[in-house]
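Worksheet: the structure to be examined is printed underneath.
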Amino acid sequence: MTARAIWLPGLAVAAGAAAATAHGLYEVAVASRVPAGIAWLYPLITDGLALVAYAATARLTGSAARYAWAVVVVAAGLSGLAQAVYLAAEQGLEASPAVRFGIGAWPAVAAAVVAHLLYLLTDDTAVQRPAEQPAVQAEPVQPPAEAELTRPAESPQRDHARTRARAHAAEHGRLPTVSELQDLAGVSRGTAAKALKALRDQPTALHLVPARHDDEGTHP
């Protein structure tokens, strides 16, 4: 809505100004002995050139942009000058030789000016390019920590020690001591201690059922 509120009045002003100056350009061209069927092209040439040059200023940079702005000023100035000449005439407009000379040369000059503008718009060195965005560098993938690479696999001896400790607990109702597990599993004292610690640290405690013997020596 904000863009429409700005553009619509702006277009109305531009259209009104073009229509007002078109009448003066047409009359000056007719007074300069231009046929009526051709005279209506002069407003199109002059005002159209100003619009093309103004649009080019948004694309060009450096000296090319300054050239486009100069074309805007000259084209708009000629359009306003023609309107002023027409309105300043008291009765019938009589074009001076200088005015007739300018009217006769203007189409060729306008063609050359707009051709150069179009050339500048195709020149990569004159066209303004959008600012380049910095390239996004991907974060390097971190290699696995050295500790993870060198971490040894689970020890088979420790597994064996845990198995014997569970069997001892099932038979006696308690876990063995480090020395007992060392003798039962035939492992080192350190392995036996680690196996017992792992069993004690388990989230679910071992449910130890003490073994009972009846008088006949059989298990219930």
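Simple scheme: letters A, B, ... for chains in structure tokens order, numbers from 1 for residues in each chain, numbers from 1 for ligands in the order shown.
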
Item to complete: as a ChimeraX atom specification, list the residues of segment 50-98 of chain A assigned to helix (DSSP H, G or I) by DSSP on the backbone atoms of this structure.
Response: /A:50-57,63-88,97-98

Practice prompt. Fewer than 3 positions away in the same chain doesn't count, so skip those; otherwise give me all residues within 8 Å of Arg59 of chain A, counting only C-alpha atoms, as a ChimeraX atom specification.
Written response: /A:55-56,65,121,127-128

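The closest residue to Pro97 of chain A, picked from A:Leu184, A:Arg33, A:Val13, A:Ala161 and counting only C-alpha atoms, is A:Arg33.
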
Discussion item. Using only C-alpha atoms, can you tell me which of A:Pro107, A:Gly62, A:Gly37, A:Gly24 comes closest to Val85 of chain A?
Written reply: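 Smallest separation from Val85 of chain A among the options: A:Gly24.
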
Practice prompt. Please provide as number ranges by chain all residues within 12 Å of Thr163 of chain A, with the sequence filter that same-chain residues fewer than 5 positions apart are discarded (counting only C-alpha atoms).
Written response: A: 156-158, 168-170, 175-176, 181, 184-185, 192, 195-196, 198-199

Go ahead and write the residues just picked, C-alpha atoms, as a PDB file, in the first residue's frame.
```
ATOM      1  CA  PRO A 156      36.693 -60.399  27.358  1.00  0.00           C
ATOM      2  CA  GLN A 157      38.349 -61.150  30.708  1.00  0.00           C
ATOM      3  CA  ARG A 158      36.158 -58.536  32.378  1.00  0.00           C
ATOM      4  CA  HIS A 168      28.642 -66.648  42.706  1.00  0.00           C
ATOM      5  CA  ALA A 169      25.906 -64.215  43.736  1.00  0.00           C
ATOM      6  CA  ALA A 170      23.191 -66.593  42.598  1.00  0.00           C
ATOM      7  CA  LEU A 175      28.801 -60.815  45.259  1.00  0.00           C
ATOM      8  CA  PRO A 176      32.288 -62.208  45.781  1.00  0.00           C
ATOM      9  CA  LEU A 181      36.582 -63.230  42.050  1.00  0.00           C
ATOM     10  CA  LEU A 184      37.194 -67.808  40.546  1.00  0.00           C
ATOM     11  CA  ALA A 185      37.730 -66.155  37.133  1.00  0.00           C
ATOM     12  CA  ALA A 192      38.166 -58.293  39.105  1.00  0.00           C
ATOM     13  CA  ALA A 195      33.960 -56.141  37.015  1.00  0.00           C
ATOM     14  CA  LEU A 196      32.554 -55.872  40.550  1.00  0.00           C
ATOM     15  CA  ALA A 198      30.328 -52.411  37.006  1.00  0.00           C
ATOM     16  CA  LEU A 199      27.891 -54.840  38.656  1.00  0.00           C
TER      17      LEU A 199
END
```

Item to complete: Using only C-alpha atoms, determine which residues lie at most 12 Å from Gly104 of chain A, disregarding the query and same-chain residues fewer than 2 positions distant; provide the list as a list in words.
Response: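 Counting only the stated atoms, we get Val28, Ala29, Val30, Ala31, Ser32, Arg33, Val34, Pro35, Ile38, Ala39, Tyr42, Ala95, Pro97, Ala98, Val99, Arg100, Phe101, Gly102, Trp106, Pro107, Ala108, Val109 and Ala110 of chain A.
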
Practice prompt. Report the distance between atom CA of Ala12 of chain A and atom CA of Ala70 of chain A in Å, rounded to one decimal place.
Written response: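 For atom CA of Ala12 of chain A relative to atom CA of Ala70 of chain A, the distance reads 24.1 Å.
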
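You can rank A:Ala36, A:Leu60, A:Ala76, A:Ala84 by their closest distance to Tyr119 of chain A using only C-alpha atoms, and at the top of that list sits A:Leu60.
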
Discussion item. Env of segment 77-83 of chain A: 8 Å cut, atoms = only C-alpha atoms, seq-sep filter 4 positions within chain, self excluded. Answer as a PyMOL selection string.
Written reply: chain A and resi 21-25+28+43+46-47+73+87

Item to complete: Would you mind reading off the distance between atom CA of Glu180 of chain A and atom CA of Ala165 of chain A, one decimal, in Å?
Response: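 Separation of atom CA of Glu180 of chain A and atom CA of Ala165 of chain A: 9.1 Å.
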